[in-house]
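The data block below is model19.csv; it holds CSV, C-alpha atoms.
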```csv
chain,number,residue,atom,x,y,z
U,130,MET,CA,-17.2,21.1,-72.4
U,131,ALA,CA,-14.4,20.7,-69.8
U,132,THR,CA,-14.7,18.2,-67.0
U,133,THR,CA,-13.4,18.9,-63.6
U,134,ARG,CA,-11.6,16.3,-61.6
U,135,SER,CA,-11.7,16.2,-57.8
U,136,ALA,CA,-8.3,15.6,-56.3
U,137,SER,CA,-8.0,12.7,-53.9
U,138,GLY,CA,-5.3,12.2,-51.3
U,139,VAL,CA,-3.6,14.4,-48.8
U,140,THR,CA,-1.3,17.3,-49.7
U,141,LEU,CA,2.1,17.8,-48.0
U,142,VAL,CA,0.8,21.0,-46.3
U,143,GLU,CA,-2.2,19.2,-44.8
U,144,LEU,CA,0.1,16.5,-43.5
U,145,LEU,CA,2.4,19.1,-41.9
U,146,VAL,CA,-0.5,20.9,-40.3
U,147,VAL,CA,-1.7,17.6,-38.7
U,148,LEU,CA,1.8,16.8,-37.5
U,149,ALA,CA,2.1,20.3,-36.0
U,150,ILE,CA,-1.2,19.9,-34.1
U,151,ILE,CA,-0.1,16.5,-32.8
U,152,GLY,CA,3.2,17.9,-31.6
U,153,VAL,CA,1.5,20.8,-29.8
U,154,LEU,CA,-0.9,18.4,-28.1
U,155,ALA,CA,1.9,16.1,-27.0
U,156,SER,CA,4.0,18.9,-25.6
U,157,LEU,CA,1.0,20.0,-23.5
U,158,ALA,CA,0.2,16.5,-22.3
U,159,TRP,CA,3.7,15.3,-21.4
U,160,PRO,CA,4.2,17.3,-18.2
U,161,SER,CA,0.9,16.2,-16.8
U,162,TYR,CA,1.6,12.6,-17.7
U,163,ARG,CA,5.1,12.8,-16.1
U,164,GLN,CA,3.7,14.3,-12.9
U,165,TYR,CA,1.0,11.5,-12.8
U,166,VAL,CA,3.7,8.8,-13.1
U,167,VAL,CA,5.8,10.4,-10.3
U,168,ARG,CA,2.8,10.5,-8.0
U,169,ALA,CA,1.9,6.9,-8.8
U,170,HIS,CA,5.4,5.7,-8.0
U,171,ARG,CA,5.1,7.1,-4.5
U,172,SER,CA,3.3,4.0,-3.5
U,173,GLU,CA,6.5,2.1,-4.0
U,174,ALA,CA,8.1,4.0,-1.1
U,175,ILE,CA,5.0,3.4,1.1
U,176,GLU,CA,4.9,-0.3,0.3
U,177,ALA,CA,8.7,-0.6,1.1
U,178,LEU,CA,8.3,1.2,4.4
U,179,LEU,CA,5.3,-0.8,5.5
U,180,ALA,CA,7.1,-4.0,4.6
U,181,THR,CA,10.1,-2.8,6.6
U,182,ALA,CA,7.9,-2.0,9.6
U,183,ALA,CA,6.3,-5.5,9.4
U,184,GLU,CA,9.8,-7.2,9.2
U,185,GLN,CA,11.0,-5.1,12.2
U,186,GLU,CA,8.1,-6.4,14.3
U,187,ARG,CA,8.9,-10.0,13.3
U,188,PHE,CA,12.6,-9.3,14.1
U,189,LEU,CA,11.6,-7.9,17.5
U,190,ILE,CA,9.5,-11.0,18.3
U,191,HIS,CA,12.4,-13.3,17.3
U,192,PHE,CA,15.4,-11.4,18.8
U,193,GLY,CA,13.9,-9.2,21.4
U,194,ARG,CA,15.1,-6.0,19.7
U,195,TYR,CA,14.8,-4.1,16.5
U,196,ALA,CA,17.3,-4.7,13.6
U,197,GLU,CA,19.9,-2.1,12.9
U,198,GLY,CA,20.2,-2.8,9.2
U,199,PHE,CA,19.3,-5.1,6.3
U,200,ALA,CA,20.7,-8.6,6.0
U,201,GLY,CA,23.8,-8.7,3.8
U,202,ALA,CA,24.1,-4.9,3.7
U,203,ALA,CA,27.6,-3.5,4.1
U,204,GLY,CA,28.2,-2.3,7.7
U,205,SER,CA,25.1,-4.0,9.1
U,206,PRO,CA,26.1,-5.4,12.5
U,207,GLY,CA,24.7,-8.9,13.3
U,208,PRO,CA,21.6,-10.2,11.7
U,209,GLY,CA,19.4,-7.8,9.8
U,210,LEU,CA,16.1,-7.6,8.1
U,211,PRO,CA,15.6,-10.2,5.4
U,212,ILE,CA,14.8,-7.6,2.8
U,213,GLY,CA,17.0,-5.5,0.7
U,214,PRO,CA,17.9,-1.8,1.2
U,215,GLN,CA,16.0,-0.8,-1.9
U,216,SER,CA,12.4,-0.8,-2.8
U,217,ARG,CA,11.0,-3.5,-5.1
U,218,GLY,CA,11.1,-1.4,-8.2
U,219,GLY,CA,14.5,0.1,-7.4
U,220,ARG,CA,13.3,3.7,-7.2
U,221,TYR,CA,13.9,4.2,-3.5
U,222,ARG,CA,16.8,3.6,-1.1
U,223,LEU,CA,15.8,2.4,2.4
U,224,ALA,CA,17.6,3.2,5.6
U,225,LEU,CA,17.2,2.3,9.2
U,226,SER,CA,18.3,4.1,12.4
U,227,LEU,CA,17.8,3.3,16.0
U,228,ASP,CA,17.3,5.9,18.8
U,229,PRO,CA,19.0,5.5,22.2
U,230,ALA,CA,15.9,3.7,23.5
U,231,GLY,CA,16.2,1.1,20.8
U,232,HIS,CA,13.2,2.2,18.6
U,233,TYR,CA,13.7,2.4,14.9
U,234,THR,CA,13.0,5.0,12.2
U,235,ALA,CA,12.9,3.7,8.6
U,236,SER,CA,13.2,6.1,5.7
U,237,ALA,CA,12.9,6.0,2.0
U,238,GLN,CA,14.6,8.4,-0.4
U,239,PRO,CA,14.5,8.4,-4.2
U,240,LEU,CA,17.5,6.9,-6.0
U,241,THR,CA,19.2,9.0,-8.7
U,242,GLY,CA,18.2,7.8,-12.1
U,243,GLY,CA,15.0,6.1,-11.0
U,244,GLY,CA,12.8,9.0,-12.0
U,245,GLN,CA,11.5,9.7,-8.5
U,246,GLU,CA,14.2,12.3,-7.9
U,247,LEU,CA,11.9,14.7,-9.8
U,248,ASP,CA,9.3,14.3,-7.0
U,249,ARG,CA,10.2,17.5,-5.1
U,250,ALA,CA,7.1,17.3,-2.9
U,251,CYS,CA,8.0,13.9,-1.4
U,252,ALA,CA,11.7,13.8,-1.1
U,253,GLU,CA,11.8,11.5,2.0
U,254,PHE,CA,9.3,9.2,3.5
U,255,ARG,CA,9.6,8.0,7.2
U,256,ILE,CA,7.9,5.5,9.5
U,257,ARG,CA,8.8,5.1,13.2
U,258,ALA,CA,8.4,2.1,15.5
U,259,ASP,CA,5.3,3.7,17.1
U,260,GLY,CA,3.7,3.9,13.6
U,261,LEU,CA,4.1,7.6,13.1
U,262,ARG,CA,4.4,8.3,9.3
U,263,THR,CA,5.9,11.5,8.0
U,264,ALA,CA,7.2,12.9,4.7
U,265,LEU,CA,9.4,15.8,3.8
U,266,GLY,CA,9.6,17.8,0.6
U,267,ALA,CA,12.9,18.7,-1.0
U,268,ASP,CA,12.7,22.1,0.6
U,269,GLY,CA,12.3,20.5,4.1
U,270,ARG,CA,8.6,21.3,4.6
U,271,ASN,CA,6.3,18.7,6.1
U,272,SER,CA,4.3,17.1,3.2
U,273,THR,CA,2.9,14.1,5.1
U,274,ASP,CA,-0.7,14.6,4.1
U,275,GLU,CA,0.2,14.9,0.4
U,276,CYS,CA,2.6,12.0,0.3
U,277,TRP,CA,1.1,9.3,2.6
U,278,ARG,CA,-2.3,9.0,0.8
```

What do you get writing this file as structure tokens?
Amino acid sequence: MATTRSASGVTLVELLVVLAIIGVLASLAWPSYRQYVVRAHRSEAIEALLATAAEQERFLIHFGRYAEGFAGAAGSPGPGLPIGPQSRGGRYRLALSLDPAGHYTASAQPLTGGGQELDRACAEFRIRADGLRTALGADGRNSTDECWR
């Protein structure tokens, strides 16, 4: 009488099928994950602009006017804000401008290579001296409600 042996182990075909399934699942999940990361890093721009606004108010109390730039930044006349012209994580470039009345607008735009340039919905964040917060998409549309959450 012949005895049958059950095979143990994994065949190459079974291994390739499992790898193919993993590859398909990863390719489906990656865009969603990337979009989640981009949205999560928007908080870096918001944090930087709120810190800039707080520093502007301190500067106003000390000097009687708003700062025109950042301390140590090239082309910054006189004393500037004691923070750098980039967000803490280095994903956004900060800029200041003064209107003729001496009120400021601070803006944050993604730096190239930081990953946030892929955020087409929130291409620029702004905050004014009166506290008005706005955001623009890459196409120029107002995306304040989406970006300043």

Atomic distance atom CA of Ala196 of chain U - atom CA of Gly209 of chain U, expressed in Å with one decimal: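 Atom-to-atom, atom CA of Ala196 of chain U to atom CA of Gly209 of chain U, that is 5.3 Å.
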
Residue nearest Glu184 of chain U among U:Gly138, U:Pro211, U:Ala158, U:Gly244 (counting all atoms listed in the file):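 So, comparing all the options, the nearest one is U:Pro211.
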
Spatial sel., origin (8.2, -5.5, 8.2), limit 12 Å, only C-alpha atoms, listed as number ranges by chain: U: 175-190, 195-196, 199, 209-213, 225, 233, 235, 256-258, 260

Between atom CA of Gly218 of chain U and atom CA of Arg249 of chain U - distance in Å to one decimal: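 Taking atom CA of Arg249 of chain U and atom CA of Gly218 of chain U, their separation equals 19.2 Å.
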
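Going from atom CA of Arg220 of chain U to atom CA of Arg171 of chain U covers 9.3 Å.
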
Which of U:Pro208, U:Gly152, U:Gly243, U:Gly198 sits closest to Val167 of chain U [using only C-alpha atoms]: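 Using only C-alpha atoms, Val167 of chain U sits closest to U:Gly243.
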
Protein and nucleic acid residues near (5.3, 11.7, 8.2) (cut-off 12 Å, all atoms listed in the file) as an MDAnalysis selection string: chainID U and resid 175 178 234:237 251:257 259:266 269:278

Can I get the selection written as a PDB file, in the coordinates of the input, with C-alpha atoms?
```pdb
ATOM      1  CA  ILE U 175       5.000   3.400   1.100  1.00  0.00           C
ATOM      2  CA  LEU U 178       8.300   1.200   4.400  1.00  0.00           C
ATOM      3  CA  THR U 234      13.000   5.000  12.200  1.00  0.00           C
ATOM      4  CA  ALA U 235      12.900   3.700   8.600  1.00  0.00           C
ATOM      5  CA  SER U 236      13.200   6.100   5.700  1.00  0.00           C
ATOM      6  CA  ALA U 237      12.900   6.000   2.000  1.00  0.00           C
ATOM      7  CA  CYS U 251       8.000  13.900  -1.400  1.00  0.00           C
ATOM      8  CA  ALA U 252      11.700  13.800  -1.100  1.00  0.00           C
ATOM      9  CA  GLU U 253      11.800  11.500   2.000  1.00  0.00           C
ATOM     10  CA  PHE U 254       9.300   9.200   3.500  1.00  0.00           C
ATOM     11  CA  ARG U 255       9.600   8.000   7.200  1.00  0.00           C
ATOM     12  CA  ILE U 256       7.900   5.500   9.500  1.00  0.00           C
ATOM     13  CA  ARG U 257       8.800   5.100  13.200  1.00  0.00           C
ATOM     14  CA  ASP U 259       5.300   3.700  17.100  1.00  0.00           C
ATOM     15  CA  GLY U 260       3.700   3.900  13.600  1.00  0.00           C
ATOM     16  CA  LEU U 261       4.100   7.600  13.100  1.00  0.00           C
ATOM     17  CA  ARG U 262       4.400   8.300   9.300  1.00  0.00           C
ATOM     18  CA  THR U 263       5.900  11.500   8.000  1.00  0.00           C
ATOM     19  CA  ALA U 264       7.200  12.900   4.700  1.00  0.00           C
ATOM     20  CA  LEU U 265       9.400  15.800   3.800  1.00  0.00           C
ATOM     21  CA  GLY U 266       9.600  17.800   0.600  1.00  0.00           C
ATOM     22  CA  GLY U 269      12.300  20.500   4.100  1.00  0.00           C
ATOM     23  CA  ARG U 270       8.600  21.300   4.600  1.00  0.00           C
ATOM     24  CA  ASN U 271       6.300  18.700   6.100  1.00  0.00           C
ATOM     25  CA  SER U 272       4.300  17.100   3.200  1.00  0.00           C
ATOM     26  CA  THR U 273       2.900  14.100   5.100  1.00  0.00           C
ATOM     27  CA  ASP U 274      -0.700  14.600   4.100  1.00  0.00           C
ATOM     28  CA  GLU U 275       0.200  14.900   0.400  1.00  0.00           C
ATOM     29  CA  CYS U 276       2.600  12.000   0.300  1.00  0.00           C
ATOM     30  CA  TRP U 277       1.100   9.300   2.600  1.00  0.00           C
ATOM     31  CA  ARG U 278      -2.300   9.000   0.800  1.00  0.00           C
TER      32      ARG U 278
END
```

Shell of 10 Å around Thr241 of chain U, all atoms listed in the file, local chain residues under 3 positions omitted, as a PyMOL selection string: chain U and resi 220-222+238+244-247

For segment 143-171 of chain U, where the input has fewer atoms than it should, I would like N, CA and C atoms rebuilt and written as a JSON list (two decimals), in the frame of the given file.
```
[["chain", "number", "residue", "atom", "x", "y", "z"],
["U", 143, "GLU", "N", -1.20, 19.76, -45.76],
["U", 143, "GLU", "CA", -2.20, 19.20, -44.80],
["U", 143, "GLU", "C", -1.53, 18.24, -43.84],
["U", 144, "LEU", "N", -0.63, 17.43, -44.31],
["U", 144, "LEU", "CA", 0.10, 16.50, -43.50],
["U", 144, "LEU", "C", 0.92, 17.22, -42.42],
["U", 145, "LEU", "N", 1.61, 18.28, -42.84],
["U", 145, "LEU", "CA", 2.40, 19.10, -41.90],
["U", 145, "LEU", "C", 1.57, 19.75, -40.85],
["U", 146, "VAL", "N", 0.40, 20.23, -41.23],
["U", 146, "VAL", "CA", -0.50, 20.90, -40.30],
["U", 146, "VAL", "C", -0.94, 19.85, -39.21],
["U", 147, "VAL", "N", -1.30, 18.65, -39.65],
["U", 147, "VAL", "CA", -1.70, 17.60, -38.70],
["U", 147, "VAL", "C", -0.57, 17.23, -37.77],
["U", 148, "LEU", "N", 0.64, 17.10, -38.30],
["U", 148, "LEU", "CA", 1.80, 16.80, -37.50],
["U", 148, "LEU", "C", 2.09, 17.90, -36.47],
["U", 149, "ALA", "N", 1.93, 19.14, -36.87],
["U", 149, "ALA", "CA", 2.10, 20.30, -36.00],
["U", 149, "ALA", "C", 1.12, 20.25, -34.83],
["U", 150, "ILE", "N", -0.12, 19.94, -35.15],
["U", 150, "ILE", "CA", -1.20, 19.90, -34.10],
["U", 150, "ILE", "C", -0.87, 18.74, -33.14],
["U", 151, "ILE", "N", -0.46, 17.60, -33.65],
["U", 151, "ILE", "CA", -0.10, 16.50, -32.80],
["U", 151, "ILE", "C", 1.06, 16.84, -31.88],
["U", 152, "GLY", "N", 2.04, 17.53, -32.42],
["U", 152, "GLY", "CA", 3.20, 17.90, -31.60],
["U", 152, "GLY", "C", 2.83, 18.90, -30.51],
["U", 153, "VAL", "N", 1.96, 19.85, -30.78],
["U", 153, "VAL", "CA", 1.50, 20.80, -29.80],
["U", 153, "VAL", "C", 0.74, 20.07, -28.66],
["U", 154, "LEU", "N", -0.16, 19.19, -29.04],
["U", 154, "LEU", "CA", -0.90, 18.40, -28.10],
["U", 154, "LEU", "C", -0.04, 17.56, -27.19],
["U", 155, "ALA", "N", 0.94, 16.91, -27.80],
["U", 155, "ALA", "CA", 1.90, 16.10, -27.00],
["U", 155, "ALA", "C", 2.70, 16.89, -26.07],
["U", 156, "SER", "N", 3.15, 18.06, -26.50],
["U", 156, "SER", "CA", 4.00, 18.90, -25.60],
["U", 156, "SER", "C", 3.15, 19.43, -24.44],
["U", 157, "LEU", "N", 1.85, 19.59, -24.62],
["U", 157, "LEU", "CA", 1.00, 20.00, -23.50],
["U", 157, "LEU", "C", 0.68, 18.85, -22.57],
["U", 158, "ALA", "N", 0.55, 17.66, -23.10],
["U", 158, "ALA", "CA", 0.20, 16.50, -22.30],
["U", 158, "ALA", "C", 1.34, 15.88, -21.53],
["U", 159, "TRP", "N", 2.54, 15.96, -22.04],
["U", 159, "TRP", "CA", 3.70, 15.30, -21.40],
["U", 159, "TRP", "C", 3.95, 15.67, -19.99],
["U", 160, "PRO", "N", 3.99, 16.95, -19.62],
["U", 160, "PRO", "CA", 4.20, 17.30, -18.20],
["U", 160, "PRO", "C", 3.18, 16.72, -17.27],
["U", 161, "SER", "N", 1.93, 16.75, -17.67],
["U", 161, "SER", "CA", 0.90, 16.20, -16.80],
["U", 161, "SER", "C", 1.04, 14.69, -16.67],
["U", 162, "TYR", "N", 1.38, 14.02, -17.73],
["U", 162, "TYR", "CA", 1.60, 12.60, -17.70],
["U", 162, "TYR", "C", 2.78, 12.26, -16.77],
["U", 163, "ARG", "N", 3.87, 12.99, -16.92],
["U", 163, "ARG", "CA", 5.10, 12.80, -16.10],
["U", 163, "ARG", "C", 4.77, 12.95, -14.63],
["U", 164, "GLN", "N", 4.02, 14.00, -14.29],
["U", 164, "GLN", "CA", 3.70, 14.30, -12.90],
["U", 164, "GLN", "C", 2.77, 13.13, -12.36],
["U", 165, "TYR", "N", 1.89, 12.63, -13.18],
["U", 165, "TYR", "CA", 1.00, 11.50, -12.80],
["U", 165, "TYR", "C", 1.88, 10.27, -12.47],
["U", 166, "VAL", "N", 2.86, 9.97, -13.29],
["U", 166, "VAL", "CA", 3.70, 8.80, -13.10],
["U", 166, "VAL", "C", 4.52, 8.97, -11.80],
["U", 167, "VAL", "N", 5.04, 10.16, -11.55],
["U", 167, "VAL", "CA", 5.80, 10.40, -10.30],
["U", 167, "VAL", "C", 4.93, 10.18, -9.10],
["U", 168, "ARG", "N", 3.71, 10.71, -9.12],
["U", 168, "ARG", "CA", 2.80, 10.50, -8.00],
["U", 168, "ARG", "C", 2.44, 9.03, -7.83],
["U", 169, "ALA", "N", 2.26, 8.33, -8.92],
["U", 169, "ALA", "CA", 1.90, 6.90, -8.80],
["U", 169, "ALA", "C", 3.03, 6.08, -8.23],
["U", 170, "HIS", "N", 4.26, 6.43, -8.49],
["U", 170, "HIS", "CA", 5.40, 5.70, -8.00],
["U", 170, "HIS", "C", 5.66, 5.93, -6.49],
["U", 171, "ARG", "N", 4.99, 6.91, -5.90],
["U", 171, "ARG", "CA", 5.10, 7.10, -4.50],
["U", 171, "ARG", "C", 4.69, 5.91, -3.67]]
```
